[in-house]
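Notes follow the structure.
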Amino acid sequence: MKLDAVQESIRKLTSKANSLDGIIISIGIGALIVGILVDVFIIRLLCLVLVLGVAGLVIIAMRAKPFDQPRDEEVGTSARNRRAEGGMKKLVFDDLQSSDVRHADHDDHFEMKFDIPETRPFASARQEFDSAPAARVPEPIIPRTGHAAPEVRAPEKVFEIADFFDIDSAIYKSESEPRTEFDFLLNKVLVLIKEMVFGHSVAFFWANFDKGQMVLEAKVSDSPLFMKGRRFEMGHDLLSKVASSGKPELVTDVNPLSERELIRYYDSPESIKSFVGVPVYFSSPGGPATVERPVAVIAVDSKVDDEFGEETLIQLGQYTKLLSALIKSYNEKYELLVSSELLRSIRRMQERIRNNFSQATILQSLAEETTKLVNWDFLSIVIYDEHKHAWIAKKVTNRGYDEGYIMTDQAIDFPQSIVGQAIRHTTHRIVDDLTLSELPRYARDEKVTKSGSFISVPITSLNKCYGALNLESREKLNFSRQDVETLYRLSENVASALEILFMQEVIHEYVIVDESTGV
């Protein structure tokens with residue numbers, strides 16, 4: 001209570017001092033005006049003294065008065081303004097002290113501001129409360145002491161194992177083939193590309209220059225109009241242009257009139273506005289140091305104008321390098337798999353021949369193992385017949401159900417045929433397109449349709465050629481270099497078995513044995 005009385009006395013003295021300062025300043029201003037107007041030396045000297053004295057008193061008063069103390073008039077005015085604006089009051093709370101003692105120099109205090117309306121009639125206040133929306137309860141203000149606790153935010157989505165691992169994927173359930181693994185990884189890369197560039201469709205096409213076709217390997221698309229087939233002929237479309245030139249293509253505004261000709265992997269126009277295509281290169285081990293043509297093309301499109309730019313090409317370039325590494329890994333694994341399968345086929349064939357050593361068993365095992373390693377529609381094995389003195393088709397398998405194809409025990413024209421040329425020169429003959437071949441497959445009078453591809457591999461040992469293994473396919477360019485190597489390995493083992501078999505027949509037929517001595 002004594003402290004309140006002292007503060008009240010100080011406030012009154014300050015008010016009086018403020019009024020006294022106004023009187024002194026008025027006297028100084030009046031003396032200055034009189035000294036200017038009156039042309040008397042003594043009066044002017046007296047006015048100068050008064051002005052200097054007033055100036056000194058003002059300076060002393062300003063130094064003695066605190067600058068941050070608001071005047072009573074200003075305090076009153078601000079209070080009246082706050083009441084006029086909305087009748088709001090400010091409550092100041094001081095913690096860590098008793099309710100009846102206030103320490104002005106205490107540091108641990110905080111303020112809570114509440115908007116408290118002026119006193120109103122109860123009825124009007126109740127009406128406003130009923131009509132007003134539910135008010136938000138203010139959160140309590142906690143004094144900051146020391147370091148603030150870190151904010152912990154709960155994730156919006158609950159992540160599970162399936163978000164980071166393909167649990168039901170077949171590639172992890174058992175031993176996967178190189179092709180299955182490559183397709184799985186390729187599909188993942190295409191999904192990443194689609195999400196990165198916000199594309200409508202992303203597709204991977206092989207560039208088969210031998211057949212002149214673009215072959216679809218994998219795609220990720222939002223369109224139901226994507227091509228149902230797997231290949232189309234190379235032409236003047238954007239994909240073929242990337243494959244032939246080996247340079248990327250970027251189109252930011254596709255003309256709707258030429259969309260069907262430029263983008264051919266849709267069955268009907270899809271209103272594509274932007275397109276980007278990048279080449280994928282690959283250099284096989286032992287191949288040329290410089291890569292001339294790409295092996296595949298990645299196509300990305302969008303339904304938005306100017307969706308892609310040079311930065312898209314730079315990003316896709318990193319993905320093409322990754323895919324080149326995947327192709328290299330797939331190619332090496334595939335070659336190892338083919339070699340492993342070939343070794344198992346040779347072992348099975350030798351085991352079967354060992355159990356039943358005859359010409360029929362040898363030829364049958366050769367046909368069965370060839371079926372497991374190479375894709376074909378027609379198979380024949382031509383062997384020389386000592387009794388007919390001609391080259392005869394001893395084994396024929398017709399998957400194409402062509403009635404005009406060569407029959408079992410039918411003779412061939414030697415050497416005026418593809419098979420005859422292979423036997424005569426003891427080297428393989430491969431025809432990628434039978435429509436361009438001048439020689440018949442087996443005989444001049446054959447009635448089989450001339451379409452597809454054909455290969456003939458001689459069955460020869462170091463001393464003699466015993467015949468030829470012949471395969472035919474309805475598709476052009478069906479047989480690869482790897483197929484030729486596989487057929488050679490099988491035919492060499494068959495030739496060794498036939499040589500042993502014929503030597504045994506010669507021994508049994510021409511050697512005379514003395515029954516008494518066994519010589």
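Chains: A, B, ... in order of the structure tokens. Residues: from 1 per chain. Ligands: from 1, in order shown.
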
For A:Ser201: contacts at 8 Å, only C-alpha atoms, fewer than 3 positions along chain excluded, given as a PyMOL selection string
chain A and resi 194+219-223+299-302

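Comparing A:Val374, A:Met227, A:Leu343, A:Val278 by their smallest distance to A:Leu250, the closest is A:Val278 (using only C-alpha atoms).
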
Near-stretch 206-217 of chain A list (10 Å; only C-alpha atoms; drop same-chain fewer than 4 positions) as JSON, numbers by chain
{"A": [183, 186, 187, 227, 229, 230, 231, 232, 233, 234, 235, 239, 240, 242, 243, 244, 265, 279, 280, 293, 294, 295, 296, 297, 298, 432, 433, 475, 476, 477, 478]}

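If only C-alpha atoms are the atoms counted, then among A:Lys228, A:Arg352, A:Arg63, A:Arg44 the closest residue to A:Tyr266 is A:Lys228.
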
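Assigned to strand (DSSP E) in stretch 257-309 of chain A, given DSSP computed from backbone atoms, are Ser274, Phe275, Val276, Gly277, Val278, Pro279, Val280, Ala296, Val297, Ile298, Ala299, Val300, Asp301 and Ser302 of chain A.
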
Nearby residues (only C-alpha atoms) at most 12 Å from A:Ala31, same-chain spacing under 3 positions excluded, as a PDB file with all heavy atoms, in the first residue's frame:
ATOM      1  N   ILE A  24       7.401  27.944 -18.541  1.00  0.00           N
ATOM      2  CA  ILE A  24       8.762  28.451 -18.772  1.00  0.00           C
ATOM      3  C   ILE A  24       9.025  28.594 -20.257  1.00  0.00           C
ATOM      4  O   ILE A  24       9.608  29.578 -20.724  1.00  0.00           O
ATOM      5  CB  ILE A  24       9.782  27.524 -18.107  1.00  0.00           C
ATOM      6  CG1 ILE A  24       9.623  27.582 -16.577  1.00  0.00           C
ATOM      7  CG2 ILE A  24      11.204  27.886 -18.499  1.00  0.00           C
ATOM      8  CD1 ILE A  24      10.481  26.591 -15.841  1.00  0.00           C
ATOM      9  N   ILE A  25       8.608  27.611 -21.046  1.00  0.00           N
ATOM     10  CA  ILE A  25       8.814  27.688 -22.487  1.00  0.00           C
ATOM     11  C   ILE A  25       8.050  28.859 -23.074  1.00  0.00           C
ATOM     12  O   ILE A  25       8.547  29.570 -23.965  1.00  0.00           O
ATOM     13  CB  ILE A  25       8.408  26.357 -23.149  1.00  0.00           C
ATOM     14  CG1 ILE A  25       9.362  25.233 -22.716  1.00  0.00           C
ATOM     15  CG2 ILE A  25       8.407  26.465 -24.663  1.00  0.00           C
ATOM     16  CD1 ILE A  25       8.939  23.855 -23.168  1.00  0.00           C
ATOM     17  N   SER A  26       6.842  29.118 -22.569  1.00  0.00           N
ATOM     18  CA  SER A  26       6.064  30.255 -23.064  1.00  0.00           C
ATOM     19  C   SER A  26       6.781  31.574 -22.767  1.00  0.00           C
ATOM     20  O   SER A  26       6.810  32.500 -23.604  1.00  0.00           O
ATOM     21  CB  SER A  26       4.676  30.256 -22.432  1.00  0.00           C
ATOM     22  OG  SER A  26       4.001  29.046 -22.750  1.00  0.00           O
ATOM     23  N   ILE A  27       7.361  31.701 -21.548  1.00  0.00           N
ATOM     24  CA  ILE A  27       8.105  32.920 -21.192  1.00  0.00           C
ATOM     25  C   ILE A  27       9.289  33.103 -22.124  1.00  0.00           C
ATOM     26  O   ILE A  27       9.586  34.196 -22.605  1.00  0.00           O
ATOM     27  CB  ILE A  27       8.568  32.859 -19.716  1.00  0.00           C
ATOM     28  CG1 ILE A  27       7.330  32.891 -18.806  1.00  0.00           C
ATOM     29  CG2 ILE A  27       9.519  33.994 -19.390  1.00  0.00           C
ATOM     30  CD1 ILE A  27       7.659  32.691 -17.331  1.00  0.00           C
ATOM     31  N   GLY A  28      10.004  32.011 -22.420  1.00  0.00           N
ATOM     32  CA  GLY A  28      11.164  32.123 -23.305  1.00  0.00           C
ATOM     33  C   GLY A  28      10.780  32.561 -24.692  1.00  0.00           C
ATOM     34  O   GLY A  28      11.464  33.382 -25.323  1.00  0.00           O
ATOM     35  N   VAL A  34       9.793  39.673 -28.007  1.00  0.00           N
ATOM     36  CA  VAL A  34       9.949  41.083 -27.570  1.00  0.00           C
ATOM     37  C   VAL A  34      11.325  41.604 -27.958  1.00  0.00           C
ATOM     38  O   VAL A  34      11.500  42.735 -28.411  1.00  0.00           O
ATOM     39  CB  VAL A  34       9.725  41.192 -26.054  1.00  0.00           C
ATOM     40  CG1 VAL A  34      10.079  42.593 -25.544  1.00  0.00           C
ATOM     41  CG2 VAL A  34       8.265  40.882 -25.735  1.00  0.00           C
ATOM     42  N   GLY A  35      12.359  40.770 -27.787  1.00  0.00           N
ATOM     43  CA  GLY A  35      13.711  41.216 -28.127  1.00  0.00           C
ATOM     44  C   GLY A  35      13.869  41.491 -29.599  1.00  0.00           C
ATOM     45  O   GLY A  35      14.674  42.346 -29.997  1.00  0.00           O
ATOM     46  N   ILE A  36      13.102  40.802 -30.411  1.00  0.00           N
ATOM     47  CA  ILE A  36      13.197  41.049 -31.849  1.00  0.00           C
ATOM     48  C   ILE A  36      12.465  42.319 -32.243  1.00  0.00           C
ATOM     49  O   ILE A  36      12.931  43.104 -33.092  1.00  0.00           O
ATOM     50  CB  ILE A  36      12.650  39.833 -32.622  1.00  0.00           C
ATOM     51  CG1 ILE A  36      13.542  38.597 -32.376  1.00  0.00           C
ATOM     52  CG2 ILE A  36      12.562  40.100 -34.116  1.00  0.00           C
ATOM     53  CD1 ILE A  36      13.000  37.317 -32.955  1.00  0.00           C
ATOM     54  N   LEU A  37      11.309  42.592 -31.603  1.00  0.00           N
ATOM     55  CA  LEU A  37      10.488  43.729 -32.000  1.00  0.00           C
ATOM     56  C   LEU A  37      10.976  45.050 -31.402  1.00  0.00           C
ATOM     57  O   LEU A  37      10.894  46.107 -32.039  1.00  0.00           O
ATOM     58  CB  LEU A  37       9.033  43.466 -31.601  1.00  0.00           C
ATOM     59  CG  LEU A  37       8.355  42.242 -32.279  1.00  0.00           C
ATOM     60  CD1 LEU A  37       6.929  42.074 -31.753  1.00  0.00           C
ATOM     61  CD2 LEU A  37       8.332  42.406 -33.794  1.00  0.00           C
ATOM     62  N   VAL A  38      11.468  45.061 -30.153  1.00  0.00           N
ATOM     63  CA  VAL A  38      11.852  46.324 -29.466  1.00  0.00           C
ATOM     64  C   VAL A  38      13.293  46.644 -29.816  1.00  0.00           C
ATOM     65  O   VAL A  38      14.185  45.798 -29.651  1.00  0.00           O
ATOM     66  CB  VAL A  38      11.668  46.204 -27.952  1.00  0.00           C
ATOM     67  CG1 VAL A  38      12.116  47.496 -27.264  1.00  0.00           C
ATOM     68  CG2 VAL A  38      10.209  45.890 -27.640  1.00  0.00           C
ATOM     69  N   ILE A  43      16.605  46.440 -23.170  1.00  0.00           N
ATOM     70  CA  ILE A  43      15.501  45.453 -23.209  1.00  0.00           C
ATOM     71  C   ILE A  43      15.937  44.209 -23.966  1.00  0.00           C
ATOM     72  O   ILE A  43      15.637  43.071 -23.585  1.00  0.00           O
ATOM     73  CB  ILE A  43      14.252  46.093 -23.846  1.00  0.00           C
ATOM     74  CG1 ILE A  43      13.761  47.249 -22.963  1.00  0.00           C
ATOM     75  CG2 ILE A  43      13.141  45.047 -24.031  1.00  0.00           C
ATOM     76  CD1 ILE A  43      12.587  48.020 -23.532  1.00  0.00           C
ATOM     77  N   ARG A  44      16.677  44.428 -25.092  1.00  0.00           N
ATOM     78  CA  ARG A  44      17.149  43.278 -25.859  1.00  0.00           C
ATOM     79  C   ARG A  44      18.099  42.430 -25.043  1.00  0.00           C
ATOM     80  O   ARG A  44      18.068  41.186 -25.093  1.00  0.00           O
ATOM     81  CB  ARG A  44      17.838  43.730 -27.141  1.00  0.00           C
ATOM     82  CG  ARG A  44      16.855  44.189 -28.203  1.00  0.00           C
ATOM     83  CD  ARG A  44      17.584  44.461 -29.488  1.00  0.00           C
ATOM     84  NE  ARG A  44      16.636  44.735 -30.576  1.00  0.00           N
ATOM     85  CZ  ARG A  44      16.974  44.959 -31.837  1.00  0.00           C
ATOM     86  NH1 ARG A  44      18.277  44.937 -32.185  1.00  0.00           N
ATOM     87  NH2 ARG A  44      16.059  45.214 -32.748  1.00  0.00           N
ATOM     88  N   LEU A  45      18.958  43.075 -24.265  1.00  0.00           N
ATOM     89  CA  LEU A  45      19.896  42.325 -23.416  1.00  0.00           C
ATOM     90  C   LEU A  45      19.150  41.537 -22.365  1.00  0.00           C
ATOM     91  O   LEU A  45      19.466  40.353 -22.096  1.00  0.00           O
ATOM     92  CB  LEU A  45      20.894  43.297 -22.763  1.00  0.00           C
ATOM     93  CG  LEU A  45      21.971  42.658 -21.878  1.00  0.00           C
ATOM     94  CD1 LEU A  45      22.829  41.700 -22.698  1.00  0.00           C
ATOM     95  CD2 LEU A  45      22.855  43.730 -21.234  1.00  0.00           C
ATOM     96  N   LEU A  46      18.109  42.119 -21.794  1.00  0.00           N
ATOM     97  CA  LEU A  46      17.305  41.423 -20.785  1.00  0.00           C
ATOM     98  C   LEU A  46      16.574  40.208 -21.411  1.00  0.00           C
ATOM     99  O   LEU A  46      16.507  39.119 -20.824  1.00  0.00           O
ATOM    100  CB  LEU A  46      16.308  42.393 -20.161  1.00  0.00           C
ATOM    101  CG  LEU A  46      15.394  41.820 -19.067  1.00  0.00           C
ATOM    102  CD1 LEU A  46      16.235  41.282 -17.893  1.00  0.00           C
ATOM    103  CD2 LEU A  46      14.413  42.867 -18.577  1.00  0.00           C
ATOM    104  N   CYS A  47      16.023  40.424 -22.606  1.00  0.00           N
ATOM    105  CA  CYS A  47      15.325  39.300 -23.296  1.00  0.00           C
ATOM    106  C   CYS A  47      16.287  38.168 -23.624  1.00  0.00           C
ATOM    107  O   CYS A  47      15.953  36.979 -23.547  1.00  0.00           O
ATOM    108  CB  CYS A  47      14.657  39.834 -24.568  1.00  0.00           C
ATOM    109  SG  CYS A  47      13.269  40.925 -24.258  1.00  0.00           S
ATOM    110  N   LEU A  48      17.545  38.521 -24.013  1.00  0.00           N
ATOM    111  CA  LEU A  48      18.539  37.487 -24.329  1.00  0.00           C
ATOM    112  C   LEU A  48      18.853  36.649 -23.106  1.00  0.00           C
ATOM    113  O   LEU A  48      18.971  35.410 -23.186  1.00  0.00           O
ATOM    114  CB  LEU A  48      19.809  38.141 -24.887  1.00  0.00           C
ATOM    115  CG  LEU A  48      20.968  37.184 -25.217  1.00  0.00           C
ATOM    116  CD1 LEU A  48      20.538  36.189 -26.299  1.00  0.00           C
ATOM    117  CD2 LEU A  48      22.198  37.985 -25.693  1.00  0.00           C
ATOM    118  N   VAL A  49      18.969  37.323 -21.957  1.00  0.00           N
ATOM    119  CA  VAL A  49      19.242  36.585 -20.714  1.00  0.00           C
ATOM    120  C   VAL A  49      18.089  35.635 -20.393  1.00  0.00           C
ATOM    121  O   VAL A  49      18.290  34.476 -19.987  1.00  0.00           O
ATOM    122  CB  VAL A  49      19.499  37.576 -19.568  1.00  0.00           C
ATOM    123  CG1 VAL A  49      19.600  36.834 -18.239  1.00  0.00           C
ATOM    124  CG2 VAL A  49      20.768  38.377 -19.824  1.00  0.00           C
ATOM    125  N   LEU A  50      16.847  36.127 -20.571  1.00  0.00           N
ATOM    126  CA  LEU A  50      15.689  35.272 -20.289  1.00  0.00           C
ATOM    127  C   LEU A  50      15.662  34.053 -21.221  1.00  0.00           C
ATOM    128  O   LEU A  50      15.376  32.921 -20.807  1.00  0.00           O
ATOM    129  CB  LEU A  50      14.398  36.081 -20.446  1.00  0.00           C
ATOM    130  CG  LEU A  50      14.119  37.118 -19.342  1.00  0.00           C
ATOM    131  CD1 LEU A  50      12.870  37.931 -19.672  1.00  0.00           C
ATOM    132  CD2 LEU A  50      13.945  36.423 -17.993  1.00  0.00           C
ATOM    133  N   VAL A  51      15.952  34.294 -22.511  1.00  0.00           N
ATOM    134  CA  VAL A  51      15.940  33.168 -23.465  1.00  0.00           C
ATOM    135  C   VAL A  51      16.975  32.127 -23.097  1.00  0.00           C
ATOM    136  O   VAL A  51      16.734  30.915 -23.126  1.00  0.00           O
ATOM    137  CB  VAL A  51      16.149  33.691 -24.895  1.00  0.00           C
ATOM    138  CG1 VAL A  51      16.359  32.537 -25.863  1.00  0.00           C
ATOM    139  CG2 VAL A  51      14.956  34.526 -25.332  1.00  0.00           C
ATOM    140  N   LEU A  52      18.203  32.586 -22.752  1.00  0.00           N
ATOM    141  CA  LEU A  52      19.257  31.643 -22.361  1.00  0.00           C
ATOM    142  C   LEU A  52      18.890  30.891 -21.098  1.00  0.00           C
ATOM    143  O   LEU A  52      19.137  29.680 -20.961  1.00  0.00           O
ATOM    144  CB  LEU A  52      20.582  32.371 -22.194  1.00  0.00           C
ATOM    145  CG  LEU A  52      21.183  32.982 -23.473  1.00  0.00           C
ATOM    146  CD1 LEU A  52      22.463  33.761 -23.137  1.00  0.00           C
ATOM    147  CD2 LEU A  52      21.474  31.906 -24.494  1.00  0.00           C
ATOM    148  N   GLY A  53      18.277  31.601 -20.139  1.00  0.00           N
ATOM    149  CA  GLY A  53      17.872  30.926 -18.914  1.00  0.00           C
ATOM    150  C   GLY A  53      16.814  29.872 -19.149  1.00  0.00           C
ATOM    151  O   GLY A  53      16.850  28.770 -18.594  1.00  0.00           O
ATOM    152  N   VAL A  54      15.809  30.233 -20.002  1.00  0.00           N
ATOM    153  CA  VAL A  54      14.761  29.249 -20.329  1.00  0.00           C
ATOM    154  C   VAL A  54      15.358  28.039 -21.030  1.00  0.00           C
ATOM    155  O   VAL A  54      14.996  26.878 -20.776  1.00  0.00           O
ATOM    156  CB  VAL A  54      13.684  29.921 -21.193  1.00  0.00           C
ATOM    157  CG1 VAL A  54      12.730  28.885 -21.760  1.00  0.00           C
ATOM    158  CG2 VAL A  54      12.905  30.934 -20.372  1.00  0.00           C
ATOM    159  N   ALA A  55      16.311  28.270 -21.939  1.00  0.00           N
ATOM    160  CA  ALA A  55      16.929  27.147 -22.641  1.00  0.00           C
ATOM    161  C   ALA A  55      17.668  26.229 -21.682  1.00  0.00           C
ATOM    162  O   ALA A  55      17.609  24.999 -21.782  1.00  0.00           O
ATOM    163  CB  ALA A  55      17.894  27.671 -23.728  1.00  0.00           C
TER     164      ALA A  55
END

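Of note, atom CA of A:Val276 and atom CA of A:Leu257 are spaced 18.5 Å apart.
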